[in-house]
Amino acid sequence: MTSYSKEVIADLVAGTLPWPQTRRIMSAYKDDDRFFKYVAVLQDRVGWSDPILLPVGDHLFICQSGDERVTKCECGHSFGDYRKNWKLKAAIIVRDSEETLREIYPNSDLPDPEWMEIREFICPQCGTLHEVEAAAPGYPIVHDFEPDLEGFYRDWLGKPLEPANKGG
């Protein structure tokens, strides 16, 4: 099995590898330590030291912050306990009128604002757009998932994760 260096994984994450090499890496079996190299690359890209446990999005992570596990933006903004819906602490733009929908659909048909709204979830500190939902008006904000971090580390990665404070 081929193993890739942290530097190659960093180039893969940055999108700077030539396409043939990217395709080979994507198509091949993953090296056993790929996840840990990937997390190390992400850790090098952020300006804070809380250990990243799991990437949630391109710029959003679950981290160990002291005794707590939190959802954190790349800029360092904490959305709080990872088990709670981080979107509820985001800045939210709701596009629910023809005028606001036209801002993102300038030259095409619009969704009917009586049937659908677009919700944009943005970091209140740095302005990064983390997620977009299309939902019926009044539909609750979706809590995408609550990962079993201990199970993932133990069963998939073969490395037990230190328990976090269960209070909260």
# chains A, B, ... in the order shown; residues from 1 in each chain; ligands from 1

call {"tool": "select_by_dssp", "arguments": {"residues": "region 44-139 of chain A", "states": "strand (DSSP E or B)", "output": "NGL selection string"}}
result
:A and (52-57 or 60-65 or 68-73 or 78-81 or 91-95 or 117-122 or 129-135)

call {"tool": "residues_around", "arguments": {"residues": "His130 (chain A)", "least_positions_apart": "2", "cutoff": "10 Å", "atoms": "only C-alpha atoms", "output": "PyMOL selection string"}}
result
chain A and resi 56-60+73+87+90+120-123+127-128+132

call {"tool": "write_last_selection", "arguments": {"atoms": "N, CA, C and O atoms", "output": "PDB file, in the first residue's frame"}}
result
ATOM      1  N   VAL A  56     -15.871  19.031  10.421  1.00  0.00           N
ATOM      2  CA  VAL A  56     -17.306  18.995  10.162  1.00  0.00           C
ATOM      3  C   VAL A  56     -17.597  19.586   8.779  1.00  0.00           C
ATOM      4  O   VAL A  56     -18.566  19.225   8.129  1.00  0.00           O
ATOM      5  N   GLY A  57     -16.756  20.497   8.358  1.00  0.00           N
ATOM      6  CA  GLY A  57     -16.868  21.143   7.057  1.00  0.00           C
ATOM      7  C   GLY A  57     -15.498  21.663   6.672  1.00  0.00           C
ATOM      8  O   GLY A  57     -14.505  21.418   7.371  1.00  0.00           O
ATOM      9  N   ASP A  58     -15.435  22.399   5.575  1.00  0.00           N
ATOM     10  CA  ASP A  58     -14.146  22.911   5.112  1.00  0.00           C
ATOM     11  C   ASP A  58     -13.478  23.837   6.122  1.00  0.00           C
ATOM     12  O   ASP A  58     -12.251  23.906   6.192  1.00  0.00           O
ATOM     13  N   HIS A  59     -14.275  24.554   6.900  1.00  0.00           N
ATOM     14  CA  HIS A  59     -13.730  25.525   7.850  1.00  0.00           C
ATOM     15  C   HIS A  59     -14.371  25.379   9.232  1.00  0.00           C
ATOM     16  O   HIS A  59     -14.396  26.334  10.008  1.00  0.00           O
ATOM     17  N   LEU A  60     -14.908  24.203   9.520  1.00  0.00           N
ATOM     18  CA  LEU A  60     -15.639  23.961  10.770  1.00  0.00           C
ATOM     19  C   LEU A  60     -15.188  22.628  11.357  1.00  0.00           C
ATOM     20  O   LEU A  60     -15.094  21.633  10.629  1.00  0.00           O
ATOM     21  N   CYS A  73     -15.056  27.336  14.447  1.00  0.00           N
ATOM     22  CA  CYS A  73     -14.724  27.836  13.119  1.00  0.00           C
ATOM     23  C   CYS A  73     -13.213  27.932  12.980  1.00  0.00           C
ATOM     24  O   CYS A  73     -12.478  28.081  13.961  1.00  0.00           O
ATOM     25  N   LYS A  87     -25.640  25.610  14.380  1.00  0.00           N
ATOM     26  CA  LYS A  87     -26.321  26.594  13.514  1.00  0.00           C
ATOM     27  C   LYS A  87     -27.145  27.595  14.317  1.00  0.00           C
ATOM     28  O   LYS A  87     -27.352  28.726  13.876  1.00  0.00           O
ATOM     29  N   ALA A  90     -25.083  30.584  14.967  1.00  0.00           N
ATOM     30  CA  ALA A  90     -24.511  31.237  13.787  1.00  0.00           C
ATOM     31  C   ALA A  90     -25.320  32.493  13.457  1.00  0.00           C
ATOM     32  O   ALA A  90     -26.459  32.646  13.885  1.00  0.00           O
ATOM     33  N   GLU A 120     -28.809  30.698   5.206  1.00  0.00           N
ATOM     34  CA  GLU A 120     -27.348  30.711   5.139  1.00  0.00           C
ATOM     35  C   GLU A 120     -26.813  30.858   6.557  1.00  0.00           C
ATOM     36  O   GLU A 120     -27.181  31.777   7.268  1.00  0.00           O
ATOM     37  N   PHE A 121     -25.929  29.929   6.957  1.00  0.00           N
ATOM     38  CA  PHE A 121     -25.377  29.906   8.307  1.00  0.00           C
ATOM     39  C   PHE A 121     -23.923  30.366   8.246  1.00  0.00           C
ATOM     40  O   PHE A 121     -23.082  29.734   7.610  1.00  0.00           O
ATOM     41  N   ILE A 122     -23.662  31.484   8.928  1.00  0.00           N
ATOM     42  CA  ILE A 122     -22.417  32.224   8.783  1.00  0.00           C
ATOM     43  C   ILE A 122     -21.749  32.399  10.142  1.00  0.00           C
ATOM     44  O   ILE A 122     -22.424  32.649  11.152  1.00  0.00           O
ATOM     45  N   CYS A 123     -20.428  32.296  10.167  1.00  0.00           N
ATOM     46  CA  CYS A 123     -19.691  32.565  11.396  1.00  0.00           C
ATOM     47  C   CYS A 123     -19.871  34.030  11.764  1.00  0.00           C
ATOM     48  O   CYS A 123     -19.582  34.916  10.948  1.00  0.00           O
ATOM     49  N   GLY A 127     -17.332  35.766   9.226  1.00  0.00           N
ATOM     50  CA  GLY A 127     -18.196  35.864   8.054  1.00  0.00           C
ATOM     51  C   GLY A 127     -18.136  34.680   7.101  1.00  0.00           C
ATOM     52  O   GLY A 127     -18.728  34.727   6.023  1.00  0.00           O
ATOM     53  N   THR A 128     -17.458  33.594   7.485  1.00  0.00           N
ATOM     54  CA  THR A 128     -17.402  32.408   6.621  1.00  0.00           C
ATOM     55  C   THR A 128     -18.785  31.764   6.526  1.00  0.00           C
ATOM     56  O   THR A 128     -19.423  31.524   7.547  1.00  0.00           O
ATOM     57  N   VAL A 132     -25.658  25.956   3.925  1.00  0.00           N
ATOM     58  CA  VAL A 132     -26.888  26.506   3.345  1.00  0.00           C
ATOM     59  C   VAL A 132     -27.952  25.416   3.408  1.00  0.00           C
ATOM     60  O   VAL A 132     -27.676  24.257   3.103  1.00  0.00           O
TER      61      VAL A 132
END

call {"tool": "closest_residue", "arguments": {"among": "A:Lys6, A:Arg119, A:Arg24, A:Arg34", "to": "Leu157 (chain A)", "atoms": "only C-alpha atoms"}}
result
A:Arg34

call {"tool": "residues_around", "arguments": {"residues": "Val46 (chain A)", "least_positions_apart": "4", "cutoff": "10 Å", "atoms": "only C-alpha atoms", "output": "NGL selection string"}}
result
:A and (41-42 or 50 or 52 or 59 or 73-76)

call {"tool": "select_by_dssp", "arguments": {"residues": "chain A", "states": "alpha helix (DSSP H)", "output": "mmCIF file with all heavy atoms, in the first residue's frame"}}
result
data_model
loop_
_atom_site.group_PDB
_atom_site.id
_atom_site.type_symbol
_atom_site.label_atom_id
_atom_site.label_comp_id
_atom_site.auth_asym_id
_atom_site.auth_seq_id
_atom_site.Cartn_x
_atom_site.Cartn_y
_atom_site.Cartn_z
ATOM 1 N N LYS A 6 2.750 13.919 4.958
ATOM 2 C CA LYS A 6 1.890 15.009 5.411
ATOM 3 C C LYS A 6 1.929 16.159 4.401
ATOM 4 O O LYS A 6 0.912 16.810 4.151
ATOM 5 C CB LYS A 6 2.334 15.476 6.793
ATOM 6 C CG LYS A 6 1.496 16.602 7.355
ATOM 7 C CD LYS A 6 2.007 17.025 8.724
ATOM 8 C CE LYS A 6 1.421 18.348 9.128
ATOM 9 N NZ LYS A 6 2.082 18.918 10.298
ATOM 10 N N GLU A 7 3.080 16.400 3.784
ATOM 11 C CA GLU A 7 3.212 17.484 2.810
ATOM 12 C C GLU A 7 2.351 17.227 1.571
ATOM 13 O O GLU A 7 1.711 18.147 1.050
ATOM 14 C CB GLU A 7 4.678 17.674 2.409
ATOM 15 C CG GLU A 7 5.567 18.196 3.522
ATOM 16 C CD GLU A 7 5.900 17.172 4.620
ATOM 17 O OE1 GLU A 7 5.858 15.949 4.347
ATOM 18 O OE2 GLU A 7 6.147 17.607 5.756
ATOM 19 N N VAL A 8 2.308 15.976 1.123
ATOM 20 C CA VAL A 8 1.468 15.637 -0.028
ATOM 21 C C VAL A 8 -0.006 15.793 0.344
ATOM 22 O O VAL A 8 -0.803 16.324 -0.433
ATOM 23 C CB VAL A 8 1.775 14.208 -0.540
ATOM 24 C CG1 VAL A 8 0.738 13.751 -1.560
ATOM 25 C CG2 VAL A 8 3.167 14.152 -1.131
ATOM 26 N N ILE A 9 -0.372 15.364 1.552
ATOM 27 C CA ILE A 9 -1.762 15.517 2.005
ATOM 28 C C ILE A 9 -2.105 17.005 2.111
ATOM 29 O O ILE A 9 -3.208 17.423 1.753
ATOM 30 C CB ILE A 9 -2.002 14.788 3.344
ATOM 31 C CG1 ILE A 9 -1.712 13.282 3.206
ATOM 32 C CG2 ILE A 9 -3.417 15.019 3.859
ATOM 33 C CD1 ILE A 9 -2.516 12.566 2.143
ATOM 34 N N ALA A 10 -1.170 17.820 2.571
ATOM 35 C CA ALA A 10 -1.401 19.273 2.644
ATOM 36 C C ALA A 10 -1.655 19.841 1.252
ATOM 37 O O ALA A 10 -2.557 20.668 1.067
ATOM 38 C CB ALA A 10 -0.209 19.969 3.303
ATOM 39 N N ASP A 11 -0.879 19.409 0.265
ATOM 40 C CA ASP A 11 -1.092 19.867 -1.109
ATOM 41 C C ASP A 11 -2.435 19.377 -1.653
ATOM 42 O O ASP A 11 -3.111 20.089 -2.391
ATOM 43 C CB ASP A 11 0.043 19.403 -2.016
ATOM 44 C CG ASP A 11 1.365 20.098 -1.711
ATOM 45 O OD1 ASP A 11 1.344 21.157 -1.050
ATOM 46 O OD2 ASP A 11 2.417 19.571 -2.132
ATOM 47 N N LEU A 12 -2.816 18.156 -1.283
ATOM 48 C CA LEU A 12 -4.119 17.621 -1.693
ATOM 49 C C LEU A 12 -5.245 18.482 -1.122
ATOM 50 O O LEU A 12 -6.159 18.890 -1.847
ATOM 51 C CB LEU A 12 -4.256 16.170 -1.208
ATOM 52 C CG LEU A 12 -5.573 15.463 -1.516
ATOM 53 C CD1 LEU A 12 -5.729 15.239 -3.010
ATOM 54 C CD2 LEU A 12 -5.639 14.138 -0.760
ATOM 55 N N VAL A 13 -5.155 18.811 0.165
ATOM 56 C CA VAL A 13 -6.170 19.645 0.824
ATOM 57 C C VAL A 13 -6.211 21.038 0.199
ATOM 58 O O VAL A 13 -7.274 21.608 -0.017
ATOM 59 C CB VAL A 13 -5.905 19.725 2.346
ATOM 60 C CG1 VAL A 13 -6.806 20.765 3.007
ATOM 61 C CG2 VAL A 13 -6.106 18.358 2.995
ATOM 62 N N ALA A 14 -5.041 21.572 -0.128
ATOM 63 C CA ALA A 14 -4.963 22.916 -0.715
ATOM 64 C C ALA A 14 -5.396 22.940 -2.174
ATOM 65 O O ALA A 14 -5.618 24.003 -2.751
ATOM 66 C CB ALA A 14 -3.533 23.455 -0.592
ATOM 67 N N TRP A 19 -3.745 17.049 -11.409
ATOM 68 C CA TRP A 19 -4.914 16.178 -11.436
ATOM 69 C C TRP A 19 -4.560 14.679 -11.482
ATOM 70 O O TRP A 19 -5.149 13.895 -10.734
ATOM 71 C CB TRP A 19 -5.853 16.548 -12.578
ATOM 72 C CG TRP A 19 -6.941 15.521 -12.738
ATOM 73 C CD1 TRP A 19 -7.172 14.724 -13.807
ATOM 74 C CD2 TRP A 19 -7.914 15.151 -11.755
ATOM 75 N NE1 TRP A 19 -8.223 13.884 -13.564
ATOM 76 C CE2 TRP A 19 -8.703 14.125 -12.295
ATOM 77 C CE3 TRP A 19 -8.190 15.569 -10.453
ATOM 78 C CZ2 TRP A 19 -9.754 13.519 -11.623
ATOM 79 C CZ3 TRP A 19 -9.235 14.970 -9.766
ATOM 80 C CH2 TRP A 19 -10.004 13.966 -10.343
ATOM 81 N N PRO A 20 -3.605 14.226 -12.290
ATOM 82 C CA PRO A 20 -3.309 12.785 -12.291
ATOM 83 C C PRO A 20 -2.898 12.259 -10.909
ATOM 84 O O PRO A 20 -3.316 11.181 -10.507
ATOM 85 C CB PRO A 20 -2.173 12.648 -13.302
ATOM 86 C CG PRO A 20 -2.343 13.820 -14.220
ATOM 87 C CD PRO A 20 -2.844 14.936 -13.332
ATOM 88 N N GLN A 21 -2.112 13.036 -10.180
ATOM 89 C CA GLN A 21 -1.702 12.605 -8.842
ATOM 90 C C GLN A 21 -2.893 12.639 -7.885
ATOM 91 O O GLN A 21 -3.071 11.725 -7.071
ATOM 92 C CB GLN A 21 -0.568 13.492 -8.320
ATOM 93 C CG GLN A 21 0.001 12.994 -6.999
ATOM 94 C CD GLN A 21 1.160 13.840 -6.502
ATOM 95 O OE1 GLN A 21 1.484 14.870 -7.064
ATOM 96 N NE2 GLN A 21 1.796 13.382 -5.436
ATOM 97 N N THR A 22 -3.713 13.667 -7.985
ATOM 98 C CA THR A 22 -4.915 13.748 -7.154
ATOM 99 C C THR A 22 -5.808 12.544 -7.400
ATOM 100 O O THR A 22 -6.303 11.918 -6.459
ATOM 101 C CB THR A 22 -5.680 15.061 -7.447
ATOM 102 O OG1 THR A 22 -4.830 16.168 -7.138
ATOM 103 C CG2 THR A 22 -6.954 15.157 -6.628
ATOM 104 N N ARG A 23 -6.012 12.205 -8.658
ATOM 105 C CA ARG A 23 -6.864 11.067 -9.007
ATOM 106 C C ARG A 23 -6.297 9.756 -8.450
ATOM 107 O O ARG A 23 -7.034 8.934 -7.919
ATOM 108 C CB ARG A 23 -7.051 10.974 -10.510
ATOM 109 C CG ARG A 23 -8.121 9.955 -10.893
ATOM 110 C CD ARG A 23 -8.360 9.882 -12.368
ATOM 111 N NE ARG A 23 -7.189 9.257 -12.977
ATOM 112 C CZ ARG A 23 -6.634 9.659 -14.113
ATOM 113 N NH1 ARG A 23 -7.140 10.673 -14.786
ATOM 114 N NH2 ARG A 23 -5.585 9.051 -14.607
ATOM 115 N N ARG A 24 -4.981 9.580 -8.552
ATOM 116 C CA ARG A 24 -4.356 8.371 -8.003
ATOM 117 C C ARG A 24 -4.575 8.269 -6.495
ATOM 118 O O ARG A 24 -4.914 7.211 -5.974
ATOM 119 C CB ARG A 24 -2.853 8.359 -8.302
ATOM 120 C CG ARG A 24 -2.487 7.773 -9.639
ATOM 121 C CD ARG A 24 -0.994 7.466 -9.752
ATOM 122 N NE ARG A 24 -0.101 8.546 -9.352
ATOM 123 C CZ ARG A 24 0.265 9.560 -10.143
ATOM 124 N NH1 ARG A 24 -0.182 9.636 -11.382
ATOM 125 N NH2 ARG A 24 1.084 10.490 -9.701
ATOM 126 N N ILE A 25 -4.390 9.380 -5.809
ATOM 127 C CA ILE A 25 -4.566 9.383 -4.352
ATOM 128 C C ILE A 25 -6.022 9.089 -3.986
ATOM 129 O O ILE A 25 -6.303 8.298 -3.090
ATOM 130 C CB ILE A 25 -4.108 10.732 -3.748
ATOM 131 C CG1 ILE A 25 -2.598 10.877 -3.893
ATOM 132 C CG2 ILE A 25 -4.526 10.838 -2.285
ATOM 133 C CD1 ILE A 25 -2.079 12.257 -3.538
ATOM 134 N N MET A 26 -6.939 9.722 -4.700
ATOM 135 C CA MET A 26 -8.357 9.526 -4.399
ATOM 136 C C MET A 26 -8.812 8.105 -4.700
ATOM 137 O O MET A 26 -9.684 7.569 -4.017
ATOM 138 C CB MET A 26 -9.206 10.519 -5.201
ATOM 139 C CG MET A 26 -9.047 11.950 -4.738
ATOM 140 S SD MET A 26 -9.826 13.214 -5.791
ATOM 141 C CE MET A 26 -11.218 12.434 -6.502
ATOM 142 N N SER A 27 -8.239 7.472 -5.716
ATOM 143 C CA SER A 27 -8.681 6.158 -6.162
ATOM 144 C C SER A 27 -8.046 5.015 -5.384
ATOM 145 O O SER A 27 -8.586 3.912 -5.360
ATOM 146 C CB SER A 27 -8.364 5.974 -7.650
ATOM 147 O OG SER A 27 -9.004 6.965 -8.410
ATOM 148 N N ARG A 34 -3.957 8.111 7.345
ATOM 149 C CA ARG A 34 -4.403 9.251 6.517
ATOM 150 C C ARG A 34 -5.224 10.246 7.329
ATOM 151 O O ARG A 34 -5.039 11.455 7.221
ATOM 152 C CB ARG A 34 -5.208 8.747 5.327
ATOM 153 C CG ARG A 34 -5.892 9.837 4.490
ATOM 154 C CD ARG A 34 -4.985 10.507 3.490
ATOM 155 N NE ARG A 34 -4.398 9.569 2.587
ATOM 156 C CZ ARG A 34 -4.919 9.235 1.403
ATOM 157 N NH1 ARG A 34 -6.036 9.772 0.985
ATOM 158 N NH2 ARG A 34 -4.287 8.370 0.634
ATOM 159 N N PHE A 35 -6.168 9.763 8.134
ATOM 160 C CA PHE A 35 -7.011 10.678 8.905
ATOM 161 C C PHE A 35 -6.157 11.548 9.819
ATOM 162 O O PHE A 35 -6.370 12.759 9.909
ATOM 163 C CB PHE A 35 -8.054 9.908 9.730
ATOM 164 C CG PHE A 35 -8.897 10.797 10.590
ATOM 165 C CD1 PHE A 35 -9.952 11.508 10.047
ATOM 166 C CD2 PHE A 35 -8.630 10.944 11.939
ATOM 167 C CE1 PHE A 35 -10.732 12.353 10.832
ATOM 168 C CE2 PHE A 35 -9.398 11.778 12.736
ATOM 169 C CZ PHE A 35 -10.458 12.484 12.180
ATOM 170 N N PHE A 36 -5.186 10.946 10.475
ATOM 171 C CA PHE A 36 -4.348 11.704 11.410
ATOM 172 C C PHE A 36 -3.466 12.707 10.683
ATOM 173 O O PHE A 36 -3.241 13.814 11.174
ATOM 174 C CB PHE A 36 -3.521 10.738 12.275
ATOM 175 C CG PHE A 36 -4.385 9.842 13.113
ATOM 176 C CD1 PHE A 36 -4.486 8.496 12.826
ATOM 177 C CD2 PHE A 36 -5.135 10.351 14.164
ATOM 178 C CE1 PHE A 36 -5.302 7.670 13.580
ATOM 179 C CE2 PHE A 36 -5.959 9.533 14.923
ATOM 180 C CZ PHE A 36 -6.045 8.185 14.628
ATOM 181 N N LYS A 37 -2.971 12.354 9.505
ATOM 182 C CA LYS A 37 -2.212 13.314 8.693
ATOM 183 C C LYS A 37 -3.118 14.469 8.260
ATOM 184 O O LYS A 37 -2.713 15.639 8.286
ATOM 185 C CB LYS A 37 -1.619 12.637 7.460
ATOM 186 C CG LYS A 37 -0.467 11.715 7.752
ATOM 187 C CD LYS A 37 0.008 11.038 6.473
ATOM 188 C CE LYS A 37 1.025 9.964 6.743
ATOM 189 N NZ LYS A 37 1.322 9.175 5.543
ATOM 190 N N TYR A 38 -4.330 14.123 7.839
ATOM 191 C CA TYR A 38 -5.298 15.139 7.409
ATOM 192 C C TYR A 38 -5.606 16.108 8.547
ATOM 193 O O TYR A 38 -5.563 17.329 8.375
ATOM 194 C CB TYR A 38 -6.561 14.437 6.911
ATOM 195 C CG TYR A 38 -7.705 15.344 6.546
ATOM 196 C CD1 TYR A 38 -7.547 16.380 5.634
ATOM 197 C CD2 TYR A 38 -8.957 15.148 7.094
ATOM 198 C CE1 TYR A 38 -8.596 17.203 5.289
ATOM 199 C CE2 TYR A 38 -10.021 15.961 6.752
ATOM 200 C CZ TYR A 38 -9.838 16.989 5.855
ATOM 201 O OH TYR A 38 -10.888 17.798 5.523
ATOM 202 N N VAL A 39 -5.864 15.576 9.733
ATOM 203 C CA VAL A 39 -6.147 16.438 10.886
ATOM 204 C C VAL A 39 -4.924 17.285 11.222
ATOM 205 O O VAL A 39 -5.056 18.469 11.555
ATOM 206 C CB VAL A 39 -6.627 15.604 12.089
ATOM 207 C CG1 VAL A 39 -6.632 16.421 13.373
ATOM 208 C CG2 VAL A 39 -8.027 15.053 11.824
ATOM 209 N N ALA A 40 -3.734 16.728 11.108
ATOM 210 C CA ALA A 40 -2.509 17.504 11.372
ATOM 211 C C ALA A 40 -2.371 18.651 10.378
ATOM 212 O O ALA A 40 -1.972 19.768 10.747
ATOM 213 C CB ALA A 40 -1.285 16.591 11.321
ATOM 214 N N VAL A 41 -2.713 18.401 9.123
ATOM 215 C CA VAL A 41 -2.689 19.463 8.107
ATOM 216 C C VAL A 41 -3.684 20.557 8.473
ATOM 217 O O VAL A 41 -3.361 21.751 8.432
ATOM 218 C CB VAL A 41 -2.988 18.886 6.708
ATOM 219 C CG1 VAL A 41 -3.298 19.986 5.705
ATOM 220 C CG2 VAL A 41 -1.831 18.024 6.224
ATOM 221 N N LEU A 42 -4.885 20.162 8.848
ATOM 222 C CA LEU A 42 -5.898 21.151 9.238
ATOM 223 C C LEU A 42 -5.450 21.927 10.468
ATOM 224 O O LEU A 42 -5.629 23.149 10.540
ATOM 225 C CB LEU A 42 -7.233 20.455 9.502
ATOM 226 C CG LEU A 42 -7.864 19.741 8.315
ATOM 227 C CD1 LEU A 42 -9.114 18.986 8.743
ATOM 228 C CD2 LEU A 42 -8.177 20.702 7.188
ATOM 229 N N GLN A 43 -4.853 21.227 11.439
ATOM 230 C CA GLN A 43 -4.385 21.885 12.658
ATOM 231 C C GLN A 43 -3.339 22.946 12.332
ATOM 232 O O GLN A 43 -3.334 24.030 12.909
ATOM 233 C CB GLN A 43 -3.805 20.841 13.619
ATOM 234 C CG GLN A 43 -3.593 21.355 15.023
ATOM 235 C CD GLN A 43 -4.890 21.474 15.807
ATOM 236 O OE1 GLN A 43 -5.618 20.505 15.944
ATOM 237 N NE2 GLN A 43 -5.174 22.642 16.331
ATOM 238 N N ASP A 44 -2.460 22.647 11.373
ATOM 239 C CA ASP A 44 -1.435 23.615 10.968
ATOM 240 C C ASP A 44 -2.045 24.861 10.321
ATOM 241 O O ASP A 44 -1.412 25.919 10.317
ATOM 242 C CB ASP A 44 -0.454 22.978 9.978
ATOM 243 C CG ASP A 44 0.471 21.961 10.622
ATOM 244 O OD1 ASP A 44 0.533 21.891 11.874
ATOM 245 O OD2 ASP A 44 1.120 21.211 9.866
ATOM 246 N N ARG A 45 -3.241 24.740 9.778
ATOM 247 C CA ARG A 45 -3.863 25.858 9.064
ATOM 248 C C ARG A 45 -4.605 26.821 9.981
ATOM 249 O O ARG A 45 -4.946 27.924 9.560
ATOM 250 C CB ARG A 45 -4.837 25.325 8.010
ATOM 251 C CG ARG A 45 -4.134 24.599 6.883
ATOM 252 C CD ARG A 45 -5.072 23.889 5.959
ATOM 253 N NE ARG A 45 -6.140 24.756 5.472
ATOM 254 C CZ ARG A 45 -6.880 24.501 4.414
ATOM 255 N NH1 ARG A 45 -6.686 23.406 3.725
ATOM 256 N NH2 ARG A 45 -7.823 25.332 4.045
ATOM 257 N N GLU A 98 -39.028 37.292 -2.822
ATOM 258 C CA GLU A 98 -38.536 37.338 -4.203
ATOM 259 C C GLU A 98 -37.280 38.210 -4.288
ATOM 260 O O GLU A 98 -36.317 37.861 -4.962
ATOM 261 C CB GLU A 98 -39.633 37.860 -5.140
ATOM 262 C CG GLU A 98 -39.256 37.739 -6.591
ATOM 263 C CD GLU A 98 -40.402 38.069 -7.536
ATOM 264 O OE1 GLU A 98 -41.562 37.790 -7.204
ATOM 265 O OE2 GLU A 98 -40.101 38.618 -8.601
ATOM 266 N N GLU A 99 -37.299 39.322 -3.575
ATOM 267 C CA GLU A 99 -36.160 40.253 -3.606
ATOM 268 C C GLU A 99 -34.874 39.601 -3.078
ATOM 269 O O GLU A 99 -33.821 39.689 -3.712
ATOM 270 C CB GLU A 99 -36.490 41.502 -2.777
ATOM 271 C CG GLU A 99 -35.370 42.507 -2.714
ATOM 272 C CD GLU A 99 -35.685 43.678 -1.789
ATOM 273 O OE1 GLU A 99 -36.819 43.774 -1.276
ATOM 274 O OE2 GLU A 99 -34.776 44.489 -1.587
ATOM 275 N N THR A 100 -34.943 38.933 -1.928
ATOM 276 C CA THR A 100 -33.728 38.342 -1.367
ATOM 277 C C THR A 100 -33.296 37.090 -2.133
ATOM 278 O O THR A 100 -32.100 36.817 -2.242
ATOM 279 C CB THR A 100 -33.898 38.001 0.131
ATOM 280 O OG1 THR A 100 -35.005 37.103 0.298
ATOM 281 C CG2 THR A 100 -34.113 39.259 0.954
ATOM 282 N N LEU A 101 -34.234 36.345 -2.690
ATOM 283 C CA LEU A 101 -33.876 35.187 -3.507
ATOM 284 C C LEU A 101 -33.228 35.618 -4.824
ATOM 285 O O LEU A 101 -32.324 34.952 -5.321
ATOM 286 C CB LEU A 101 -35.098 34.309 -3.763
ATOM 287 C CG LEU A 101 -35.586 33.516 -2.552
ATOM 288 C CD1 LEU A 101 -36.991 32.973 -2.793
ATOM 289 C CD2 LEU A 101 -34.614 32.387 -2.222
ATOM 290 N N ARG A 102 -33.663 36.752 -5.359
ATOM 291 C CA ARG A 102 -33.105 37.254 -6.620
ATOM 292 C C ARG A 102 -31.619 37.578 -6.472
ATOM 293 O O ARG A 102 -30.865 37.544 -7.434
ATOM 294 C CB ARG A 102 -33.901 38.481 -7.074
ATOM 295 C CG ARG A 102 -33.523 39.070 -8.403
ATOM 296 C CD ARG A 102 -33.747 38.185 -9.603
ATOM 297 N NE ARG A 102 -35.131 37.862 -9.852
ATOM 298 C CZ ARG A 102 -35.519 36.811 -10.563
ATOM 299 N NH1 ARG A 102 -34.634 35.997 -11.105
ATOM 300 N NH2 ARG A 102 -36.785 36.554 -10.757
ATOM 301 N N LEU A 149 -17.939 10.323 18.698
ATOM 302 C CA LEU A 149 -16.493 10.517 18.608
ATOM 303 C C LEU A 149 -15.720 9.349 19.215
ATOM 304 O O LEU A 149 -14.755 8.866 18.621
ATOM 305 C CB LEU A 149 -16.087 11.822 19.297
ATOM 306 C CG LEU A 149 -16.541 13.112 18.616
ATOM 307 C CD1 LEU A 149 -16.223 14.312 19.502
ATOM 308 C CD2 LEU A 149 -15.884 13.254 17.265
ATOM 309 N N GLU A 150 -16.144 8.899 20.398
ATOM 310 C CA GLU A 150 -15.437 7.792 21.043
ATOM 311 C C GLU A 150 -15.485 6.541 20.175
ATOM 312 O O GLU A 150 -14.478 5.858 19.985
ATOM 313 C CB GLU A 150 -16.021 7.499 22.433
ATOM 314 C CG GLU A 150 -15.692 8.535 23.479
ATOM 315 C CD GLU A 150 -16.628 9.748 23.441
ATOM 316 O OE1 GLU A 150 -17.598 9.755 22.645
ATOM 317 O OE2 GLU A 150 -16.374 10.696 24.195
ATOM 318 N N GLY A 151 -16.664 6.220 19.639
ATOM 319 C CA GLY A 151 -16.815 5.051 18.780
ATOM 320 C C GLY A 151 -15.995 5.174 17.507
ATOM 321 O O GLY A 151 -15.372 4.207 17.059
#

call {"tool": "atom_distance", "arguments": {"atom1": "CA of Gly158 (chain A)", "atom2": "CA of Lys30 (chain A)"}}
result
14.9 Å

call {"tool": "residues_around", "arguments": {"residues": "Gly66 (chain A)", "least_positions_apart": "2", "cutoff": "9 Å", "atoms": "only C-alpha atoms", "output": "list in words"}}
result
Asp50, Gln64, Glu68, Arg69 and Ala164 of chain A
